[in-house]
Amino acid sequence: MSDHNTSERAPAAQAEALERSLGDGTLLRVKDLCLHFRTTRGVLQAVDGVSFSMGRRRSIAIIGESGCGKTSLARAVLRLLPRNVYKYTGEVYLDGTDVMKLSDEGFRQKVRWVKASMVSQAAMNALNPVLKVGYQVAEPLMVHHRMAKQEALGRAREVFRIVGVPEDFLHRYAFELSGGMRQRAILAMALITNPQLIVLDEPTSALDMLTQANIFNALKDIKNQLEVGFILITHDISTSSDLADEVIVMYAGQLVEHSLSTTAYRAPLHPYARGLMSSVPTLREDKKLEFIPGQPPSLINPPTGCRFAARCPQRFERCDQEPPTFTVGEHGELVKCWLYAKG
Amino acid sequence: MENDLLLSVKGLHTWYELRKWGFFHAGYVRAVDGVTFDLRKGEALTVVGESGSGKTTLLKTILGLAPVTKGEIVFSGQKLDGKKGSPGWLRSQVGFVQQDPYGALPPFMTVRKILLEPMLINKFGTAAEREQRIREVLEEVRLVPVNDFLGKFPHMLSGGQQQRLVIARALVLQPSLIVADEPVSMLDASVRVEILELMRRIQKAHSLGVIYITHDLSTVRYFSERVFIMYAARVVERADVNEIIHNTLHPYTKALLNAIPDPDPENAGRYRDVPAGEPPSLVRPPSGCRFHPRCPARIEGLCEAEVPPPFEPVKDHFVECWLYRA
């Protein structure tokens with residue numbers, strides 16, 4: 001296999017793979033998205049050249065260790081950026097429009113809540129304590145669709161039913177609701193404007209097992225009933241399988257594997273994805289757990305070659321020298337690893 | 001057999017008093033409400049429960065950090081007086097591994113100082129012996145080469161290394177019991193197993209008694225054989241880990257097992273069979289069995305009226321549920 005060949009082939013293969021498994025059209029297409037932060041110690045490459053696309057009504061789980069850029073990726077897609085942004089480039093097409101070309105105000109008016117909404121980590125604690133829950137849930141409609149209050153509250157009643165919150169909770173305050181109910185209310189808020197994409201960032205990590213299972217049941221209901229796609233960001237791999245049609249594995253700011261859930265959970269391709277899957281404890285089957293020795297590289301001056309090379313059990317010479325390109329696997333998986341490069 | 005006993009807990013109740021104005025008081029939070037068990041030397045025990053089930057309070061009471069309201073705790077033949085504040089002799093005998101390693105380590109102390117401090121306070125050996133012990137214990141938790149770590153501050157370590165340091169600190173006084181409160185819940189999946197295996201190895205090597213507290217049933221089998229399931233301040237089921245998983249008796253444990261997914265692409269297509277509702281308030285817990293308002297197998301007239309005693313339908317498998325009454 002020669003270098004020349006692979007680098008010729010890679011972009012074409014990548015583009016082709018991006019088109020795959022889209023069902024009834026593309027909802028979101030992200031191309032070469034970068035989000036770098038300025039820090040006192042240098043530029044931190046939180047998201048570095050991530051490309052993927054997702055179809056309508058699909059749900060994608062983004063998994064990876066803490067600090068791998070999962071949340072930054074979601075924030076980059078929804079343009080919820082902190083102040084220390086150094087570089088924010090790439091293309092994001094949502095529902096056919098190039099949202100990167102919109103101004104901040106345009107983005108707020110046309111995209112946020114309208115086309116895409118987000119449930120962020122521990123969002124249930126972000127409810128306003130002095131406003132009734134129903135009003136807070138209805139607020140995006142009043143702001144983004146200029147809807148009258150009574151009408152918006154009526155719609156809030158509908159979404160409460162969908163997520164399984166009793167109607168009379170509309171008139172309660174946040175402190176009167178349990179953690180699970182608050183999280184459902186937040187979910188209702190994300191749903192109320194009928195967005196096509198909902199980003200869930202660790203939606204249940206602060207909740208109990210049974211509550212978590214109940215919320216995932218509600219999410220499945222929503223997925224079966226409504227025209228909505230989900231991006232689920234989590235480090236809990238077992239739970240992610242409850243919702244995912246496809247899985248994106250991230251490592252050190254980069255996407256290393258994008259595959260269908262059947263591949264991702266049963267036979268992942270990338271050595272990191274394999275290590276991650278075999279480190280997940282299972283309840284029912286008795287398997288020998290493995291772990292990945294070492295720790296992820298710093299995202300300030302990351303290694304030039306493959307970022308996983310230092311921890312990879314199957315490393316060879318090329319891995320340290322040049323960053324791997326994407327290869328398309330048998331079932332349309334995308335994997336960023338030299339092991340699969342066709343030469 | 002009697003000498004083998006490390007810790008004996010009998011009918012333990014830990015209640016926290018709610019705010020009180022003069023003669024008026026608002027009641028108690030019954031965080032631990034009648035827990036009895038024995039732990040032998042070198043035995044590992046796991047307590048599984050959701051947040052608010054009283055598992056952390058149980059552990060704090062054993063550490064002497066929470067008051068004993070009723071019942072008794074006997075540690076190595078000595079009875080704890082049950083007042084708040086742990087007696088000195090207990091502190092050198094019990095090591096504590098906290099949940100959040102970063103929060104548990106003083107940020108302004110180096111690794112050496114963090115490990116030295118407990119030895120100075122408990123007057124452990126001479127200066128040379130202490131230095132020797134620091135090296136031993138760091139090697140034990142695989143923070144090697146030791147010299148590279150001695151001068152580091154906690155923020156220079158990764159999450160997994162910090163948790164190793166917390167474990168090293170718990171071990172440094174050569175305790176006979178280690179209590180670990182969710183030691184891996186703050187760590188990434190790929191590091192979790194490593195830490196659990198490390199703890200298991202240390203437990204076996206020194207035949208330590210270990211009480212491991214977790215909400216995650218799936219990690220249990222990698223750690224201990226004996227499992228307690230706690231719900232609303234009581235231990236509702238206790239048995240061997242495989243017995244609990246393959247011959248689940250209590251309806252709550254069944255629900256808990258149903259709620260925990262294994263990574264499987266088919267999960268996306270099926271709903272989880274779990275009861276709705278939330279764990280009850282511990283100020284006014286439900287009468288009778290505390291799980292009865294959510295229980296799918298409730299027996300009308302019995303479950304809400306009387307508290308089920310522990311039944312033993314299978315040998316060494318105890319369950320507090322009326323379904324198994326003889």
# chains A, B, ... in the order shown; residues from 1 in each chain; ligands from 1

$ interface_residues --of "chain A" --to "chain B" --cutoff "8 Å" --atoms "only C-alpha atoms" --output "VMD selection string"
chain A and resid 65 to 66 178 208 to 214 217 220 235 to 245 261 to 262 265 to 266 275 to 276 279 to 284 289 to 292 295

$ select_by_dssp --residues "region 173-228 of chain B" --states "alpha helix (DSSP H)" --output "PyMOL selection string"
chain B and resi 189-205

$ select_by_dssp --residues "region 117-322 of chain B" --states "strand (DSSP E or B)" --output "ChimeraX atom specification"
/B:177-181,209-214,226-231,234-240,311-314,317-319

$ write_last_selection --atoms "N, CA and C atoms" --output "PDB file, in the first residue's frame"
ATOM      1  N   LEU B 177      -9.933  -2.662  57.828  1.00  0.00           N
ATOM      2  CA  LEU B 177     -11.172  -2.494  57.063  1.00  0.00           C
ATOM      3  C   LEU B 177     -11.043  -1.279  56.147  1.00  0.00           C
ATOM      4  N   ILE B 178     -11.475  -1.454  54.898  1.00  0.00           N
ATOM      5  CA  ILE B 178     -11.521  -0.321  53.970  1.00  0.00           C
ATOM      6  C   ILE B 178     -12.987  -0.100  53.613  1.00  0.00           C
ATOM      7  N   VAL B 179     -13.442   1.133  53.713  1.00  0.00           N
ATOM      8  CA  VAL B 179     -14.773   1.423  53.206  1.00  0.00           C
ATOM      9  C   VAL B 179     -14.620   2.336  51.997  1.00  0.00           C
ATOM     10  N   ALA B 180     -15.295   1.975  50.918  1.00  0.00           N
ATOM     11  CA  ALA B 180     -15.151   2.719  49.669  1.00  0.00           C
ATOM     12  C   ALA B 180     -16.525   3.175  49.216  1.00  0.00           C
ATOM     13  N   ASP B 181     -16.701   4.475  49.099  1.00  0.00           N
ATOM     14  CA  ASP B 181     -17.989   5.037  48.699  1.00  0.00           C
ATOM     15  C   ASP B 181     -17.951   5.376  47.216  1.00  0.00           C
ATOM     16  N   GLY B 209     -10.892  -6.456  55.178  1.00  0.00           N
ATOM     17  CA  GLY B 209     -12.335  -6.371  55.054  1.00  0.00           C
ATOM     18  C   GLY B 209     -12.650  -5.149  54.213  1.00  0.00           C
ATOM     19  N   VAL B 210     -13.544  -5.285  53.243  1.00  0.00           N
ATOM     20  CA  VAL B 210     -13.875  -4.134  52.409  1.00  0.00           C
ATOM     21  C   VAL B 210     -15.388  -3.997  52.317  1.00  0.00           C
ATOM     22  N   ILE B 211     -15.881  -2.787  52.509  1.00  0.00           N
ATOM     23  CA  ILE B 211     -17.285  -2.502  52.219  1.00  0.00           C
ATOM     24  C   ILE B 211     -17.287  -1.550  51.039  1.00  0.00           C
ATOM     25  N   TYR B 212     -17.852  -2.000  49.952  1.00  0.00           N
ATOM     26  CA  TYR B 212     -17.854  -1.234  48.710  1.00  0.00           C
ATOM     27  C   TYR B 212     -19.283  -0.797  48.442  1.00  0.00           C
ATOM     28  N   ILE B 213     -19.444   0.502  48.292  1.00  0.00           N
ATOM     29  CA  ILE B 213     -20.778   1.050  48.089  1.00  0.00           C
ATOM     30  C   ILE B 213     -20.914   1.531  46.669  1.00  0.00           C
ATOM     31  N   THR B 214     -22.005   1.186  46.010  1.00  0.00           N
ATOM     32  CA  THR B 214     -22.152   1.584  44.616  1.00  0.00           C
ATOM     33  C   THR B 214     -23.622   1.641  44.235  1.00  0.00           C
ATOM     34  N   ARG B 226     -20.431 -11.029  48.071  1.00  0.00           N
ATOM     35  CA  ARG B 226     -21.615 -10.805  48.885  1.00  0.00           C
ATOM     36  C   ARG B 226     -22.237  -9.450  48.562  1.00  0.00           C
ATOM     37  N   VAL B 227     -23.517  -9.418  48.308  1.00  0.00           N
ATOM     38  CA  VAL B 227     -24.181  -8.181  47.911  1.00  0.00           C
ATOM     39  C   VAL B 227     -25.382  -7.899  48.798  1.00  0.00           C
ATOM     40  N   PHE B 228     -25.508  -6.646  49.201  1.00  0.00           N
ATOM     41  CA  PHE B 228     -26.712  -6.164  49.887  1.00  0.00           C
ATOM     42  C   PHE B 228     -27.417  -5.197  48.948  1.00  0.00           C
ATOM     43  N   ILE B 229     -28.720  -5.313  48.844  1.00  0.00           N
ATOM     44  CA  ILE B 229     -29.490  -4.336  48.082  1.00  0.00           C
ATOM     45  C   ILE B 229     -30.253  -3.469  49.089  1.00  0.00           C
ATOM     46  N   MET B 230     -30.027  -2.164  49.026  1.00  0.00           N
ATOM     47  CA  MET B 230     -30.729  -1.270  49.951  1.00  0.00           C
ATOM     48  C   MET B 230     -31.823  -0.515  49.231  1.00  0.00           C
ATOM     49  N   TYR B 231     -32.960  -0.387  49.891  1.00  0.00           N
ATOM     50  CA  TYR B 231     -34.025   0.463  49.368  1.00  0.00           C
ATOM     51  C   TYR B 231     -34.649   1.199  50.544  1.00  0.00           C
ATOM     52  N   ARG B 234     -33.452   0.440  54.213  1.00  0.00           N
ATOM     53  CA  ARG B 234     -33.381  -0.936  54.696  1.00  0.00           C
ATOM     54  C   ARG B 234     -32.688  -1.840  53.680  1.00  0.00           C
ATOM     55  N   VAL B 235     -32.057  -2.899  54.170  1.00  0.00           N
ATOM     56  CA  VAL B 235     -31.477  -3.890  53.277  1.00  0.00           C
ATOM     57  C   VAL B 235     -32.603  -4.851  52.894  1.00  0.00           C
ATOM     58  N   VAL B 236     -33.019  -4.818  51.636  1.00  0.00           N
ATOM     59  CA  VAL B 236     -34.184  -5.615  51.259  1.00  0.00           C
ATOM     60  C   VAL B 236     -33.817  -7.007  50.757  1.00  0.00           C
ATOM     61  N   GLU B 237     -32.572  -7.148  50.277  1.00  0.00           N
ATOM     62  CA  GLU B 237     -32.179  -8.469  49.801  1.00  0.00           C
ATOM     63  C   GLU B 237     -30.684  -8.624  49.979  1.00  0.00           C
ATOM     64  N   ARG B 238     -30.248  -9.786  50.477  1.00  0.00           N
ATOM     65  CA  ARG B 238     -28.811 -10.021  50.551  1.00  0.00           C
ATOM     66  C   ARG B 238     -28.489 -11.454  50.198  1.00  0.00           C
ATOM     67  N   ALA B 239     -27.479 -11.603  49.347  1.00  0.00           N
ATOM     68  CA  ALA B 239     -27.090 -12.924  48.872  1.00  0.00           C
ATOM     69  C   ALA B 239     -25.778 -12.806  48.130  1.00  0.00           C
ATOM     70  N   ASP B 240     -25.345 -13.937  47.626  1.00  0.00           N
ATOM     71  CA  ASP B 240     -24.174 -14.003  46.777  1.00  0.00           C
ATOM     72  C   ASP B 240     -24.480 -13.311  45.438  1.00  0.00           C
ATOM     73  N   PHE B 311     -36.864 -13.176  55.141  1.00  0.00           N
ATOM     74  CA  PHE B 311     -37.136 -14.594  54.904  1.00  0.00           C
ATOM     75  C   PHE B 311     -35.923 -15.200  54.219  1.00  0.00           C
ATOM     76  N   GLU B 312     -35.773 -16.514  54.350  1.00  0.00           N
ATOM     77  CA  GLU B 312     -34.633 -17.179  53.717  1.00  0.00           C
ATOM     78  C   GLU B 312     -35.123 -18.332  52.853  1.00  0.00           C
ATOM     79  N   PRO B 313     -35.715 -18.015  51.685  1.00  0.00           N
ATOM     80  CA  PRO B 313     -36.265 -19.080  50.847  1.00  0.00           C
ATOM     81  C   PRO B 313     -35.180 -19.990  50.269  1.00  0.00           C
ATOM     82  N   VAL B 314     -34.008 -19.439  50.024  1.00  0.00           N
ATOM     83  CA  VAL B 314     -32.868 -20.223  49.554  1.00  0.00           C
ATOM     84  C   VAL B 314     -31.786 -20.016  50.609  1.00  0.00           C
ATOM     85  N   HIS B 317     -29.705 -16.708  51.263  1.00  0.00           N
ATOM     86  CA  HIS B 317     -30.303 -15.679  50.408  1.00  0.00           C
ATOM     87  C   HIS B 317     -31.495 -15.103  51.170  1.00  0.00           C
ATOM     88  N   PHE B 318     -31.279 -13.925  51.736  1.00  0.00           N
ATOM     89  CA  PHE B 318     -32.317 -13.316  52.565  1.00  0.00           C
ATOM     90  C   PHE B 318     -33.073 -12.273  51.768  1.00  0.00           C
ATOM     91  N   VAL B 319     -34.379 -12.212  51.987  1.00  0.00           N
ATOM     92  CA  VAL B 319     -35.175 -11.216  51.283  1.00  0.00           C
ATOM     93  C   VAL B 319     -36.289 -10.723  52.200  1.00  0.00           C
TER      94      VAL B 319
END

$ residues_around --residues "Leu6 (chain B)" --least-positions-apart "5" --cutoff "6 Å" --atoms "only C-alpha atoms" --output "list of chain:residue names"
B:Leu39, B:Arg40, B:Lys41, B:Phe75, B:Ser76

$ write_last_selection --atoms "N, CA and C atoms" --output "PDB file, in the first residue's frame"
ATOM      1  N   LEU B  39     -19.425  -8.798  59.292  1.00  0.00           N
ATOM      2  CA  LEU B  39     -18.380  -8.850  58.268  1.00  0.00           C
ATOM      3  C   LEU B  39     -17.182  -9.550  58.892  1.00  0.00           C
ATOM      4  N   ARG B  40     -16.748 -10.636  58.258  1.00  0.00           N
ATOM      5  CA  ARG B  40     -15.584 -11.341  58.780  1.00  0.00           C
ATOM      6  C   ARG B  40     -14.307 -10.729  58.236  1.00  0.00           C
ATOM      7  N   LYS B  41     -13.187 -11.084  58.863  1.00  0.00           N
ATOM      8  CA  LYS B  41     -11.893 -10.579  58.392  1.00  0.00           C
ATOM      9  C   LYS B  41     -11.647 -11.035  56.964  1.00  0.00           C
ATOM     10  N   PHE B  75     -16.687  -3.213  66.503  1.00  0.00           N
ATOM     11  CA  PHE B  75     -15.584  -3.328  65.559  1.00  0.00           C
ATOM     12  C   PHE B  75     -14.413  -3.997  66.266  1.00  0.00           C
ATOM     13  N   SER B  76     -13.962  -5.138  65.765  1.00  0.00           N
ATOM     14  CA  SER B  76     -12.883  -5.922  66.373  1.00  0.00           C
ATOM     15  C   SER B  76     -13.082  -6.080  67.885  1.00  0.00           C
TER      16      SER B  76
END

$ residues_around --residues "Cys303 (chain B)" --least-positions-apart "6" --cutoff "7 Å" --atoms "only C-alpha atoms" --output "ChimeraX atom specification"
/B:288-289,292,322

$ atom_distance --atom1 "CA of Trp89 (chain B)" --atom2 "CA of Leu65 (chain B)"
13.8 Å

$ closest_residue --among "A:His171, A:Arg315, A:Gly49, A:Thr26" --to "Thr89 (chain A)" --atoms "only C-alpha atoms"
A:Gly49

$ decode --residues "region 6-46 of chain B" --atoms "N, CA and C atoms" --output "compact mmCIF listing (two decimals), in the first residue's frame"
# COMPACT_ATOMS: atom_id res chain seq x y z
N LEU B 6 -14.88 -9.19 62.17
CA LEU B 6 -14.25 -7.88 62.11
C LEU B 6 -15.24 -6.80 62.52
N LEU B 7 -16.42 -6.89 61.96
CA LEU B 7 -17.41 -5.85 62.20
C LEU B 7 -18.77 -6.50 62.39
N SER B 8 -19.46 -6.07 63.42
CA SER B 8 -20.78 -6.61 63.65
C SER B 8 -21.75 -5.46 63.84
N VAL B 9 -22.76 -5.40 63.00
CA VAL B 9 -23.74 -4.32 63.07
C VAL B 9 -25.08 -4.95 63.45
N LYS B 10 -25.67 -4.46 64.55
CA LYS B 10 -26.94 -5.06 65.00
C LYS B 10 -28.03 -4.01 65.10
N GLY B 11 -29.09 -4.22 64.35
CA GLY B 11 -30.28 -3.36 64.42
C GLY B 11 -29.95 -1.88 64.34
N LEU B 12 -29.07 -1.52 63.41
CA LEU B 12 -28.58 -0.14 63.36
C LEU B 12 -29.63 0.82 62.79
N HIS B 13 -29.86 1.90 63.54
CA HIS B 13 -30.71 2.98 63.07
C HIS B 13 -29.89 4.27 63.10
N THR B 14 -29.85 4.99 62.01
CA THR B 14 -29.25 6.33 62.04
C THR B 14 -30.31 7.30 61.56
N TRP B 15 -30.75 8.15 62.47
CA TRP B 15 -31.76 9.13 62.11
C TRP B 15 -31.15 10.50 62.24
N TYR B 16 -31.42 11.35 61.27
CA TYR B 16 -30.99 12.74 61.38
C TYR B 16 -32.19 13.56 61.82
N GLU B 17 -31.97 14.41 62.80
CA GLU B 17 -33.08 15.22 63.26
C GLU B 17 -33.27 16.41 62.32
N LEU B 18 -34.52 16.68 62.00
CA LEU B 18 -34.80 17.86 61.18
C LEU B 18 -34.79 19.09 62.07
N ARG B 19 -34.86 20.25 61.48
CA ARG B 19 -34.76 21.50 62.24
C ARG B 19 -35.73 21.50 63.42
N LYS B 20 -35.33 22.20 64.43
CA LYS B 20 -36.10 22.14 65.68
C LYS B 20 -36.15 23.54 66.26
N TRP B 21 -37.34 23.96 66.64
CA TRP B 21 -37.48 25.26 67.30
C TRP B 21 -38.05 25.02 68.68
N GLY B 22 -37.29 25.22 69.68
CA GLY B 22 -37.76 25.02 71.05
C GLY B 22 -38.24 23.60 71.25
N PHE B 23 -39.50 23.44 71.67
CA PHE B 23 -40.03 22.10 71.92
C PHE B 23 -40.52 21.44 70.64
N PHE B 24 -40.73 22.28 69.62
CA PHE B 24 -41.27 21.75 68.38
C PHE B 24 -40.15 21.14 67.54
N HIS B 25 -40.34 19.95 67.06
CA HIS B 25 -39.38 19.49 66.07
C HIS B 25 -40.08 18.75 64.94
N ALA B 26 -39.49 18.88 63.77
CA ALA B 26 -40.21 18.49 62.55
C ALA B 26 -40.10 17.01 62.22
N GLY B 27 -39.36 16.26 63.00
CA GLY B 27 -39.26 14.83 62.73
C GLY B 27 -37.84 14.42 62.39
N TYR B 28 -37.71 13.19 61.92
CA TYR B 28 -36.39 12.66 61.62
C TYR B 28 -36.32 12.20 60.18
N VAL B 29 -35.11 12.29 59.60
CA VAL B 29 -34.86 11.59 58.34
C VAL B 29 -34.28 10.25 58.74
N ARG B 30 -35.01 9.21 58.44
CA ARG B 30 -34.55 7.88 58.85
C ARG B 30 -33.65 7.33 57.76
N ALA B 31 -32.38 7.71 57.80
CA ALA B 31 -31.46 7.38 56.71
C ALA B 31 -31.05 5.92 56.73
N VAL B 32 -30.88 5.37 57.93
CA VAL B 32 -30.65 3.93 58.06
C VAL B 32 -31.65 3.46 59.09
N ASP B 33 -32.43 2.44 58.76
CA ASP B 33 -33.54 2.09 59.62
C ASP B 33 -33.59 0.57 59.85
N GLY B 34 -32.71 0.11 60.71
CA GLY B 34 -32.74 -1.31 61.03
C GLY B 34 -31.91 -2.14 60.09
N VAL B 35 -30.59 -2.05 60.22
CA VAL B 35 -29.70 -2.85 59.37
C VAL B 35 -28.84 -3.73 60.27
N THR B 36 -28.78 -5.02 59.97
CA THR B 36 -28.01 -5.97 60.76
C THR B 36 -27.13 -6.79 59.82
N PHE B 37 -25.83 -6.84 60.10
CA PHE B 37 -24.97 -7.76 59.34
C PHE B 37 -23.65 -7.97 60.05
N ASP B 38 -22.95 -9.00 59.66
CA ASP B 38 -21.61 -9.27 60.18
C ASP B 38 -20.63 -9.28 59.02
N LEU B 39 -19.43 -8.80 59.29
CA LEU B 39 -18.38 -8.85 58.27
C LEU B 39 -17.18 -9.55 58.89
N ARG B 40 -16.75 -10.64 58.26
CA ARG B 40 -15.58 -11.34 58.78
C ARG B 40 -14.31 -10.73 58.24
N LYS B 41 -13.19 -11.08 58.86
CA LYS B 41 -11.89 -10.58 58.39
C LYS B 41 -11.65 -11.03 56.96
N GLY B 42 -11.15 -10.12 56.14
CA GLY B 42 -10.80 -10.49 54.77
C GLY B 42 -12.00 -10.70 53.87
N GLU B 43 -13.15 -10.19 54.28
CA GLU B 43 -14.34 -10.41 53.47
C GLU B 43 -14.73 -9.12 52.76
N ALA B 44 -15.15 -9.26 51.50
CA ALA B 44 -15.59 -8.08 50.76
C ALA B 44 -17.10 -8.10 50.64
N LEU B 45 -17.68 -6.94 50.81
CA LEU B 45 -19.13 -6.83 50.82
C LEU B 45 -19.52 -5.62 49.97
N THR B 46 -20.55 -5.76 49.16
CA THR B 46 -20.98 -4.63 48.36
C THR B 46 -22.38 -4.22 48.76
